[in-house]
$ cat structure-v2.pdb   # PDB, C-alpha atoms
MODEL        1
ATOM      1  CA  MET A   1      89.025  72.047  56.332
ATOM      2  CA  THR A   2      88.034  75.645  55.741
ATOM      3  CA  VAL A   3      88.870  78.347  58.227
ATOM      4  CA  ARG A   4      86.448  81.218  58.497
ATOM      5  CA  THR A   5      85.894  84.070  60.909
ATOM      6  CA  ILE A   6      82.571  84.834  62.551
ATOM      7  CA  GLU A   7      82.250  88.435  63.705
ATOM      8  CA  VAL A   8      80.544  88.685  67.069
ATOM      9  CA  ARG A   9      81.137  91.998  68.892
ATOM     10  CA  GLU A  10      79.211  91.084  72.001
ATOM     11  CA  ARG A  11      79.936  92.432  75.469
ATOM     12  CA  VAL A  12      80.802  89.587  77.808
ATOM     13  CA  MET A  13      78.683  91.121  80.567
ATOM     14  CA  ALA A  14      75.674  91.544  78.256
ATOM     15  CA  ARG A  15      73.793  88.510  79.524
ATOM     16  CA  ASN A  16      74.349  89.359  83.182
ATOM     17  CA  ASP A  17      73.246  92.942  82.569
ATOM     18  CA  GLU A  18      70.110  91.707  80.828
ATOM     19  CA  LEU A  19      69.312  89.405  83.758
ATOM     20  CA  ALA A  20      70.032  92.248  86.197
ATOM     21  CA  ALA A  21      67.561  94.440  84.314
ATOM     22  CA  GLN A  22      64.950  91.681  84.681
ATOM     23  CA  VAL A  23      65.671  91.426  88.428
ATOM     24  CA  ARG A  24      65.406  95.217  88.738
ATOM     25  CA  ALA A  25      62.056  95.235  86.947
ATOM     26  CA  ARG A  26      60.768  92.367  89.064
ATOM     27  CA  LEU A  27      61.755  94.134  92.283
ATOM     28  CA  ALA A  28      60.174  97.364  91.060
ATOM     29  CA  THR A  29      56.899  95.550  90.363
ATOM     30  CA  HIS A  30      56.795  94.535  94.019
ATOM     31  CA  GLY A  31      58.042  97.888  95.292
ATOM     32  CA  ILE A  32      61.137  96.296  96.811
ATOM     33  CA  THR A  33      64.258  98.335  97.520
ATOM     34  CA  ALA A  34      67.384  96.233  96.978
ATOM     35  CA  LEU A  35      70.829  97.089  98.305
ATOM     36  CA  ASN A  36      74.009  95.305  97.234
ATOM     37  CA  LEU A  37      76.270  95.106 100.296
ATOM     38  CA  MET A  38      79.924  94.585  99.436
ATOM     39  CA  SER A  39      83.292  94.663 101.205
ATOM     40  CA  SER A  40      86.463  92.722 101.945
ATOM     41  CA  PRO A  41      85.952  89.565 103.981
ATOM     42  CA  GLY A  42      85.701  90.363 107.664
ATOM     43  CA  SER A  43      84.690  94.003 107.502
ATOM     44  CA  GLY A  44      81.442  93.368 109.303
ATOM     45  CA  LYS A  45      78.680  92.786 106.758
ATOM     46  CA  THR A  46      77.052  89.945 108.662
ATOM     47  CA  THR A  47      77.373  91.611 112.081
ATOM     48  CA  LEU A  48      75.785  94.797 110.743
ATOM     49  CA  LEU A  49      73.005  92.748 109.183
ATOM     50  CA  GLU A  50      72.413  90.888 112.461
ATOM     51  CA  ARG A  51      71.880  94.204 114.250
ATOM     52  CA  THR A  52      69.753  95.499 111.398
ATOM     53  CA  LEU A  53      67.530  92.424 111.219
ATOM     54  CA  ALA A  54      67.019  92.419 114.970
ATOM     55  CA  LEU A  55      65.676  95.979 114.941
ATOM     56  CA  LEU A  56      64.269  96.550 111.458
ATOM     57  CA  GLY A  57      63.645  93.043 110.136
ATOM     58  CA  GLU A  58      59.955  93.155 110.933
ATOM     59  CA  PRO A  59      59.183  96.886 110.629
ATOM     60  CA  LEU A  60      60.810  97.182 107.199
ATOM     61  CA  ASP A  61      59.746  93.720 105.953
ATOM     62  CA  MET A  62      63.343  92.771 105.252
ATOM     63  CA  ALA A  63      64.758  89.802 103.421
ATOM     64  CA  VAL A  64      68.395  88.921 102.952
ATOM     65  CA  ILE A  65      70.225  87.024 100.242
ATOM     66  CA  ALA A  66      73.586  85.970 101.678
ATOM     67  CA  GLY A  67      76.300  84.863  99.278
ATOM     68  CA  ASP A  68      79.379  82.919 100.273
ATOM     69  CA  CYS A  69      81.866  80.687  98.489
ATOM     70  CA  GLN A  70      81.132  77.814 100.857
ATOM     71  CA  THR A  71      78.879  77.116 103.863
ATOM     72  CA  GLN A  72      75.654  78.798 104.745
ATOM     73  CA  ASN A  73      77.088  79.990 108.058
ATOM     74  CA  ASP A  74      76.139  83.601 107.433
ATOM     75  CA  ALA A  75      72.587  82.742 106.481
ATOM     76  CA  ASP A  76      72.302  80.607 109.645
ATOM     77  CA  ARG A  77      73.730  83.426 111.771
ATOM     78  CA  LEU A  78      71.244  85.872 110.301
ATOM     79  CA  ALA A  79      68.307  83.502 110.561
ATOM     80  CA  ALA A  80      68.933  83.244 114.313
ATOM     81  CA  HIS A  81      67.994  86.926 114.653
ATOM     82  CA  THR A  82      64.853  86.999 112.644
ATOM     83  CA  ALA A  83      61.892  85.100 111.413
ATOM     84  CA  ARG A  84      62.284  87.101 108.224
ATOM     85  CA  LEU A  85      63.396  85.534 104.996
ATOM     86  CA  VAL A  86      67.049  84.652 104.645
ATOM     87  CA  GLN A  87      68.160  82.986 101.466
ATOM     88  CA  ALA A  88      71.655  81.478 101.232
ATOM     89  CA  VAL A  89      73.525  81.370  97.957
ATOM     90  CA  VAL A  90      76.603  79.138  97.981
ATOM     91  CA  THR A  91      78.630  80.137  94.962
ATOM     92  CA  GLY A  92      80.724  76.973  95.059
ATOM     93  CA  GLY A  93      83.988  78.878  94.969
ATOM     94  CA  ALA A  94      83.004  81.784  92.749
ATOM     95  CA  CYS A  95      84.211  85.111  94.095
ATOM     96  CA  HIS A  96      81.049  87.143  93.531
ATOM     97  CA  LEU A  97      77.292  86.896  93.101
ATOM     98  CA  ASP A  98      75.789  87.303  89.648
ATOM     99  CA  ALA A  99      72.338  88.334  88.505
ATOM    100  CA  LEU A 100      71.343  84.762  87.674
ATOM    101  CA  GLN A 101      71.963  83.663  91.278
ATOM    102  CA  VAL A 102      69.981  86.597  92.620
ATOM    103  CA  SER A 103      67.166  85.840  90.217
ATOM    104  CA  ALA A 104      67.101  82.204  91.384
ATOM    105  CA  ALA A 105      67.181  83.301  95.040
ATOM    106  CA  LEU A 106      64.184  85.575  94.404
ATOM    107  CA  ASP A 107      62.236  82.525  93.228
ATOM    108  CA  ASN A 108      62.531  81.181  96.784
ATOM    109  CA  LEU A 109      61.308  84.354  98.471
ATOM    110  CA  ASP A 110      57.750  85.571  98.848
ATOM    111  CA  LEU A 111      58.221  88.925  97.139
ATOM    112  CA  ALA A 112      54.793  90.212  98.120
ATOM    113  CA  THR A 113      55.886  90.270 101.774
ATOM    114  CA  ILE A 114      59.173  92.150 101.257
ATOM    115  CA  ARG A 115      59.941  95.867 101.186
ATOM    116  CA  LEU A 116      63.696  95.839 101.771
ATOM    117  CA  LEU A 117      66.059  93.285 100.253
ATOM    118  CA  ILE A 118      69.696  93.285 101.243
ATOM    119  CA  ILE A 119      72.049  91.227  99.130
ATOM    120  CA  GLU A 120      75.160  90.358 101.105
ATOM    121  CA  ASN A 121      77.738  89.783  98.403
ATOM    122  CA  VAL A 122      80.762  87.505  98.684
ATOM    123  CA  GLY A 123      83.521  89.178 100.725
ATOM    124  CA  ASN A 124      85.834  90.515  98.040
ATOM    125  CA  LEU A 125      86.813  94.047  97.007
ATOM    126  CA  VAL A 126      87.510  93.181  93.386
ATOM    127  CA  CYS A 127      85.162  90.883  91.541
ATOM    128  CA  PRO A 128      81.671  91.757  92.830
ATOM    129  CA  ALA A 129      82.106  95.276  91.424
ATOM    130  CA  ALA A 130      81.733  93.991  87.864
ATOM    131  CA  TRP A 131      78.364  92.285  88.372
ATOM    132  CA  ASP A 132      75.150  94.267  88.324
ATOM    133  CA  LEU A 133      72.666  92.348  90.469
ATOM    134  CA  GLY A 134      69.646  94.511  89.797
ATOM    135  CA  GLU A 135      70.150  96.504  92.997
ATOM    136  CA  GLN A 136      69.071 100.096  93.494
ATOM    137  CA  ALA A 137      72.179 101.114  95.385
ATOM    138  CA  ARG A 138      75.585  99.722  96.187
ATOM    139  CA  VAL A 139      76.900  99.995  99.706
ATOM    140  CA  VAL A 140      80.574  99.277 100.416
ATOM    141  CA  LEU A 141      81.671  98.538 103.966
ATOM    142  CA  PHE A 142      85.147  99.806 104.863
ATOM    143  CA  ALA A 143      86.463  98.698 108.248
ATOM    144  CA  VAL A 144      88.898 100.845 110.209
ATOM    145  CA  THR A 145      91.122  97.785 110.480
ATOM    146  CA  GLU A 146      91.794  98.081 106.746
ATOM    147  CA  GLY A 147      94.251 100.531 105.212
ATOM    148  CA  GLU A 148      93.022 104.020 104.308
ATOM    149  CA  ASP A 149      94.349 103.416 100.802
ATOM    150  CA  LYS A 150      91.892 100.588 100.008
ATOM    151  CA  PRO A 151      89.841 102.858  97.694
ATOM    152  CA  LEU A 152      92.993 103.657  95.716
ATOM    153  CA  LYS A 153      94.029 100.007  95.547
ATOM    154  CA  TYR A 154      90.572  98.736  94.594
ATOM    155  CA  PRO A 155      89.095 101.699  92.728
ATOM    156  CA  LYS A 156      86.494  99.780  90.725
ATOM    157  CA  MET A 157      84.583  98.799  93.857
ATOM    158  CA  PHE A 158      84.442 102.398  95.102
ATOM    159  CA  GLU A 159      83.823 103.898  91.653
ATOM    160  CA  LYS A 160      80.636 101.888  91.302
ATOM    161  CA  ALA A 161      79.388 102.411  94.865
ATOM    162  CA  ASP A 162      76.814 104.884  96.133
ATOM    163  CA  TRP A 163      77.545 104.672  99.859
ATOM    164  CA  VAL A 164      80.591 103.871 101.962
ATOM    165  CA  VAL A 165      79.944 102.681 105.489
ATOM    166  CA  VAL A 166      83.039 102.940 107.684
ATOM    167  CA  THR A 167      82.665 100.101 110.189
ATOM    168  CA  LYS A 168      84.260  99.003 113.492
ATOM    169  CA  THR A 169      84.731 102.603 114.607
ATOM    170  CA  ASP A 170      84.943 101.320 118.215
ATOM    171  CA  LEU A 171      88.446 100.094 117.263
ATOM    172  CA  LEU A 172      89.693 103.554 116.235
ATOM    173  CA  PRO A 173      91.653 104.085 119.481
ATOM    174  CA  TYR A 174      93.645 100.918 118.786
ATOM    175  CA  VAL A 175      94.432 101.175 115.091
ATOM    176  CA  PRO A 176      96.332 103.791 113.083
ATOM    177  CA  PHE A 177      93.337 104.517 110.839
ATOM    178  CA  ASP A 178      92.934 108.101 109.674
ATOM    179  CA  SER A 179      89.214 108.453 108.917
ATOM    180  CA  GLU A 180      89.592 111.784 107.148
ATOM    181  CA  ARG A 181      92.242 110.413 104.842
ATOM    182  CA  ALA A 182      90.108 107.340 104.158
ATOM    183  CA  VAL A 183      87.176 109.542 103.163
ATOM    184  CA  ARG A 184      89.445 111.705 100.999
ATOM    185  CA  ASN A 185      90.724 108.606  99.199
ATOM    186  CA  CYS A 186      87.169 107.437  98.579
ATOM    187  CA  LEU A 187      86.190 110.824  97.161
ATOM    188  CA  GLN A 188      89.273 110.895  94.948
ATOM    189  CA  VAL A 189      87.982 107.731  93.264
ATOM    190  CA  ASN A 190      84.315 108.717  93.278
ATOM    191  CA  PRO A 191      83.342 112.275  94.246
ATOM    192  CA  GLY A 192      79.673 111.299  94.460
ATOM    193  CA  LEU A 193      80.102 108.911  97.395
ATOM    194  CA  GLN A 194      78.139 109.399 100.599
ATOM    195  CA  PHE A 195      79.370 108.220 103.990
ATOM    196  CA  MET A 196      78.285 106.742 107.281
ATOM    197  CA  HIS A 197      80.487 105.818 110.237
ATOM    198  CA  LEU A 198      79.386 103.193 112.709
ATOM    199  CA  SER A 199      80.183 100.387 115.088
ATOM    200  CA  ALA A 200      77.828  97.436 115.025
ATOM    201  CA  MET A 201      79.422  96.315 118.316
ATOM    202  CA  THR A 202      78.752  99.409 120.422
ATOM    203  CA  GLY A 203      75.841 100.656 118.335
ATOM    204  CA  ASP A 204      77.568 103.972 117.737
ATOM    205  CA  GLY A 205      76.365 105.551 114.506
ATOM    206  CA  LEU A 206      73.785 102.860 113.856
ATOM    207  CA  VAL A 207      70.959 105.399 114.015
ATOM    208  CA  ALA A 208      72.130 106.999 110.763
ATOM    209  CA  TRP A 209      72.253 103.575 109.087
ATOM    210  CA  PHE A 210      68.793 102.662 110.328
ATOM    211  CA  ASP A 211      67.419 106.035 109.188
ATOM    212  CA  PHE A 212      68.994 105.532 105.780
ATOM    213  CA  LEU A 213      67.248 102.170 105.450
ATOM    214  CA  ARG A 214      63.922 103.589 106.638
ATOM    215  CA  ARG A 215      64.186 106.363 104.048
ATOM    216  CA  SER A 216      65.092 103.845 101.333
ATOM    217  CA  VAL A 217      61.995 101.655 101.541
ATOM    218  CA  ARG A 218      58.573 102.433 100.201
ATOM    219  CA  PRO A 219      56.042 103.494 102.837
ATOM    220  CA  LEU A 220      53.546 100.907 103.989
ATOM    221  CA  ALA A 221      50.268 100.979 102.147
ATOM    222  CA  PRO A 222      47.492 102.326 104.376
ATOM    223  CA  ALA A 223      45.720  99.422 106.057
TER     224      ALA A 223
ATOM    225  CA  MET F   1      89.560  85.695  90.111
ATOM    226  CA  HIS F   2      86.303  86.580  88.389
ATOM    227  CA  GLU F   3      88.145  85.843  85.146
ATOM    228  CA  LEU F   4      86.990  82.221  85.403
ATOM    229  CA  SER F   5      83.329  83.307  85.392
ATOM    230  CA  LEU F   6      84.096  85.553  82.443
ATOM    231  CA  ALA F   7      85.824  82.719  80.592
ATOM    232  CA  ILE F   8      82.837  80.443  81.229
ATOM    233  CA  GLU F   9      80.528  83.157  79.904
ATOM    234  CA  ILE F  10      82.703  83.442  76.783
ATOM    235  CA  GLY F  11      82.404  79.653  76.386
ATOM    236  CA  ARG F  12      78.623  79.982  76.688
ATOM    237  CA  LEU F  13      78.615  82.767  74.111
ATOM    238  CA  ALA F  14      80.675  80.598  71.767
ATOM    239  CA  GLU F  15      78.224  77.753  72.162
ATOM    240  CA  GLU F  16      75.299  80.092  71.494
ATOM    241  CA  LYS F  17      76.864  81.770  68.462
ATOM    242  CA  LEU F  18      78.557  78.798  66.840
ATOM    243  CA  GLY F  19      75.991  76.100  67.363
ATOM    244  CA  PRO F  20      76.625  72.352  67.114
ATOM    245  CA  SER F  21      77.684  72.295  63.447
ATOM    246  CA  VAL F  22      81.096  73.803  64.027
ATOM    247  CA  ALA F  23      83.919  71.292  63.800
ATOM    248  CA  ARG F  24      86.588  73.271  65.561
ATOM    249  CA  CYS F  25      87.094  76.731  66.996
ATOM    250  CA  VAL F  26      90.636  77.955  66.356
ATOM    251  CA  THR F  27      90.710  81.420  67.847
ATOM    252  CA  VAL F  28      88.543  83.524  70.107
ATOM    253  CA  GLY F  29      89.094  87.257  69.679
ATOM    254  CA  VAL F  30      88.553  89.210  72.881
ATOM    255  CA  GLU F  31      88.953  92.922  73.562
ATOM    256  CA  VAL F  32      89.931  93.586  77.171
ATOM    257  CA  GLY F  33      89.896  97.341  77.777
ATOM    258  CA  THR F  34      92.640  98.772  79.937
ATOM    259  CA  GLU F  35      89.996 100.101  82.356
ATOM    260  CA  SER F  36      87.787  96.992  82.278
ATOM    261  CA  GLY F  37      89.021  95.578  85.571
ATOM    262  CA  VAL F  38      89.783  92.302  83.807
ATOM    263  CA  GLU F  39      93.282  90.865  84.086
ATOM    264  CA  PRO F  40      94.259  89.647  80.575
ATOM    265  CA  SER F  41      96.752  86.995  81.668
ATOM    266  CA  ALA F  42      94.290  85.520  84.178
ATOM    267  CA  LEU F  43      91.575  85.565  81.526
ATOM    268  CA  GLU F  44      93.867  83.834  79.044
ATOM    269  CA  PHE F  45      94.682  81.171  81.627
ATOM    270  CA  CYS F  46      91.003  80.569  82.396
ATOM    271  CA  LEU F  47      89.987  80.617  78.747
ATOM    272  CA  GLU F  48      92.582  77.951  78.078
ATOM    273  CA  ALA F  49      90.858  75.739  80.639
ATOM    274  CA  VAL F  50      87.358  76.477  79.351
ATOM    275  CA  LEU F  51      88.425  76.037  75.735
ATOM    276  CA  SER F  52      89.979  72.645  76.371
ATOM    277  CA  HIS F  53      86.597  70.995  75.766
ATOM    278  CA  PRO F  54      84.999  70.189  72.399
ATOM    279  CA  PRO F  55      84.212  71.871  70.051
ATOM    280  CA  TRP F  56      86.995  74.317  70.813
ATOM    281  CA  VAL F  57      89.783  71.971  71.816
ATOM    282  CA  GLY F  58      93.022  73.842  71.453
ATOM    283  CA  ALA F  59      91.384  77.159  70.617
ATOM    284  CA  LYS F  60      93.581  80.143  71.378
ATOM    285  CA  ALA F  61      92.511  83.425  72.875
ATOM    286  CA  ALA F  62      93.616  86.471  70.887
ATOM    287  CA  ILE F  63      93.418  89.261  73.430
ATOM    288  CA  THR F  64      93.766  92.893  72.430
ATOM    289  CA  ARG F  65      93.931  95.831  74.862
ATOM    290  CA  PRO F  66      92.026  98.876  73.620
ATOM    291  CA  ALA F  67      91.682 101.925  75.866
ATOM    292  CA  GLY F  68      88.579 102.243  78.019
ATOM    293  CA  ASP F  69      86.379  99.804  79.918
ATOM    294  CA  ILE F  70      85.197  97.759  76.946
ATOM    295  CA  PHE F  71      85.171  94.003  77.421
ATOM    296  CA  GLN F  72      83.789  92.076  74.494
ATOM    297  CA  VAL F  73      84.167  89.047  72.279
ATOM    298  CA  THR F  74      84.932  90.313  68.790
ATOM    299  CA  TYR F  75      85.170  87.176  66.661
ATOM    300  CA  PHE F  76      85.449  83.411  66.528
ATOM    301  CA  GLU F  77      87.749  81.834  63.980
ATOM    302  CA  ILE F  78      86.440  78.380  63.139
ATOM    303  CA  GLU F  79      87.300  75.392  60.995
ATOM    304  CA  ASP F  80      84.493  73.665  59.147
ATOM    305  CA  ASP F  81      84.473  70.072  58.009
ATOM    306  CA  ASP F  82      84.408  70.173  54.219
ATOM    307  CA  GLY F  83      83.151  66.657  53.759
ATOM    308  CA  PRO F  84      82.462  63.396  55.539
ATOM    309  CA  ASN F  85      85.965  62.066  54.797
ATOM    310  CA  ASP F  86      87.797  65.191  55.822
TER     311      ASP F  86
ENDMDL
END
$ encode --input "structure-v2.pdb" --output "structure tokens"
Amino acid sequence: MTVRTIEVRERVMARNDELAAQVRARLATHGITALNLMSSPGSGKTTLLERTLALLGEPLDMAVIAGDCQTQNDADRLAAHTARLVQAVVTGGACHLDALQVSAALDNLDLATIRLLIIENVGNLVCPAAWDLGEQARVVLFAVTEGEDKPLKYPKMFEKADWVVVTKTDLLPYVPFDSERAVRNCLQVNPGLQFMHLSAMTGDGLVAWFDFLRRSVRPLAPA
Amino acid sequence: MHELSLAIEIGRLAEEKLGPSVARCVTVGVEVGTESGVEPSALEFCLEAVLSHPPWVGAKAAITRPAGDIFQVTYFEIEDDDGPND
């Protein structure tokens, strides 16, 4: 037996990043805006998407890729609100989506009919942050039922995000959540973050979210 | 626990780089930067599971912790068969 060493020096994320670049290019070819929606479990991703699909599903030509460890419950919930395309990705236990899964999900969507793609990541404030999915922007949901120090505890997620959407604001009277402190903590981790505050239950603040989405998609080609 | 996905990716990289001719992989050198968001002990645990299959049965992970967010495989230490009777 001879022992020898093979030098490698290869980033472990290299393959995912390469696939993400391919996804990004593919989406760009079709003029599709893709948002990567991330948060802890239970902070309201699916509820917000239900409201969004109901109002903007058709006008913005939306499609959704919904990732979960098990079940396609979320995809079923979303599909009930829209005839638009909803693609479920069951990760089989994995705690995040990766670019390969998104790429495979795109194969099942008619890209020519889509202008806005929302990727609902697996509920988890840690792992999804490491995986580039080929999105244009990362949106982190932050429910008022969580602690204001979440951005300090899970900095990676907030460091890599573009937007923070504070959700469940209808519960503010009942929980000791200090919105200003929460925003300050976010900005401490990532000074470039932008914010929205809303309640998908009461509809409060949804206008800003809807406007953001309208601004994000390419205009319709003249008929 | 994204460390399992990372360990599987390292296994895939090993397969790609080493090919079928390698008799045994002894060590996998991995740099896990202090800002990489990867938990070294969890990664070691997962790598142990991934590396329990041929051709890297019993391979050990040699994890170093440089500063920064680097996360890369640096080397594979392998054992070659010298001859058919080895």
$ interface_residues --input "structure-v2.pdb" --of "chain F" --to "chain A" --cutoff "9 Å" --atoms "all atoms listed in the file" --output "ChimeraX atom specification"
/F:1-7,9-10,13,17-18,26-27,30,36-37,70-83,86
$ resolve_selection --input "structure-v2.pdb" --expression "the PyMOL selection byres ((chain A and resi 62) around 8)" --output "MDAnalysis selection string"
chainID A and resid 53 56:61 63:64 84:85 114:118
$ resolve_selection --input "structure-v2.pdb" --expression "the PyMOL selection byres ((chain A and resi 111) around 8)" --output "list of chain:residue names"
A:Leu27, A:His30, A:Ile32, A:Leu106, A:Leu109, A:Asp110, A:Ala112, A:Thr113, A:Ile114
$ write_last_selection --input "structure-v2.pdb" --atoms "C-alpha atoms" --output "mmCIF file, in the coordinates of the input"
data_model
loop_
_atom_site.group_PDB
_atom_site.id
_atom_site.type_symbol
_atom_site.label_atom_id
_atom_site.label_comp_id
_atom_site.auth_asym_id
_atom_site.auth_seq_id
_atom_site.Cartn_x
_atom_site.Cartn_y
_atom_site.Cartn_z
ATOM 1 C CA LEU A 27 61.755 94.134 92.283
ATOM 2 C CA HIS A 30 56.795 94.535 94.019
ATOM 3 C CA ILE A 32 61.137 96.296 96.811
ATOM 4 C CA LEU A 106 64.184 85.575 94.404
ATOM 5 C CA LEU A 109 61.308 84.354 98.471
ATOM 6 C CA ASP A 110 57.750 85.571 98.848
ATOM 7 C CA ALA A 112 54.793 90.212 98.120
ATOM 8 C CA THR A 113 55.886 90.270 101.774
ATOM 9 C CA ILE A 114 59.173 92.150 101.257
#
$ atom_distance --input "structure-v2.pdb" --atom1 "CA of Ala21 in chain A" --atom2 "CA of Lys150 in chain A"
29.6 Å
$ atom_distance --input "structure-v2.pdb" --atom1 "CA of Gly93 in chain A" --atom2 "CA of Asp74 in chain A"
15.5 Å
$ resolve_selection --input "structure-v2.pdb" --expression "the PyMOL selection byres ((chain A and resi 37-41) around 7)" --output "list in words"
Leu35, Asn36, Gly42, Ser43, Ile118, Ile119, Glu120, Asn121, Gly123, Asn124, Leu125, Arg138, Val139, Val140, Leu141 and Phe142 of chain A
$ axis_aligned_box --input "structure-v2.pdb" --around "range 7-12 of chain F" --padding-each-side "4 Å" --output "JSON"
{"center_x": 82.2, "center_y": 81.5, "center_z": 78.8, "size_x": 15.2, "size_y": 11.8, "size_z": 12.8}
$ closest_residue --input "structure-v2.pdb" --among "F:Pro40, F:Gly68, F:Gly29, F:Pro20" --to "Pro54 in chain F" --atoms "all atoms listed in the file"
F:Pro20
$ atom_distance --input "structure-v2.pdb" --atom1 "CA of Ser103 in chain A" --atom2 "CA of Glu15 in chain F"
22.7 Å
$ residues_around --input "structure-v2.pdb" --residues "Ala49 in chain F" --least-positions-apart "3" --cutoff "12 Å" --atoms "only C-alpha atoms" --output "mmCIF file with C-alpha atoms, keeping the file's coordinate frame"
data_model
loop_
_atom_site.group_PDB
_atom_site.id
_atom_site.type_symbol
_atom_site.label_atom_id
_atom_site.label_comp_id
_atom_site.auth_asym_id
_atom_site.auth_seq_id
_atom_site.Cartn_x
_atom_site.Cartn_y
_atom_site.Cartn_z
ATOM 1 C CA GLU F 3 88.145 85.843 85.146
ATOM 2 C CA LEU F 4 86.990 82.221 85.403
ATOM 3 C CA SER F 5 83.329 83.307 85.392
ATOM 4 C CA ALA F 7 85.824 82.719 80.592
ATOM 5 C CA ILE F 8 82.837 80.443 81.229
ATOM 6 C CA ILE F 10 82.703 83.442 76.783
ATOM 7 C CA GLY F 11 82.404 79.653 76.386
ATOM 8 C CA ALA F 42 94.290 85.520 84.178
ATOM 9 C CA LEU F 43 91.575 85.565 81.526
ATOM 10 C CA GLU F 44 93.867 83.834 79.044
ATOM 11 C CA PHE F 45 94.682 81.171 81.627
ATOM 12 C CA CYS F 46 91.003 80.569 82.396
ATOM 13 C CA SER F 52 89.979 72.645 76.371
ATOM 14 C CA HIS F 53 86.597 70.995 75.766
ATOM 15 C CA PRO F 54 84.999 70.189 72.399
ATOM 16 C CA TRP F 56 86.995 74.317 70.813
ATOM 17 C CA VAL F 57 89.783 71.971 71.816
ATOM 18 C CA GLY F 58 93.022 73.842 71.453
ATOM 19 C CA ALA F 59 91.384 77.159 70.617
ATOM 20 C CA LYS F 60 93.581 80.143 71.378
ATOM 21 C CA ALA F 61 92.511 83.425 72.875
#
$ closest_residue --input "structure-v2.pdb" --among "A:Glu18, A:Glu135, A:Glu146, A:Asp76" --to "Thr46 in chain A" --atoms "only C-alpha atoms"
A:Asp76
$ residues_near_point --input "structure-v2.pdb" --point "(71.0, 81.2, 94.1)" --cutoff "9 Å" --atoms "only C-alpha atoms" --output "PyMOL selection string"
chain A and resi 65+67+87-91+97-98+100-108
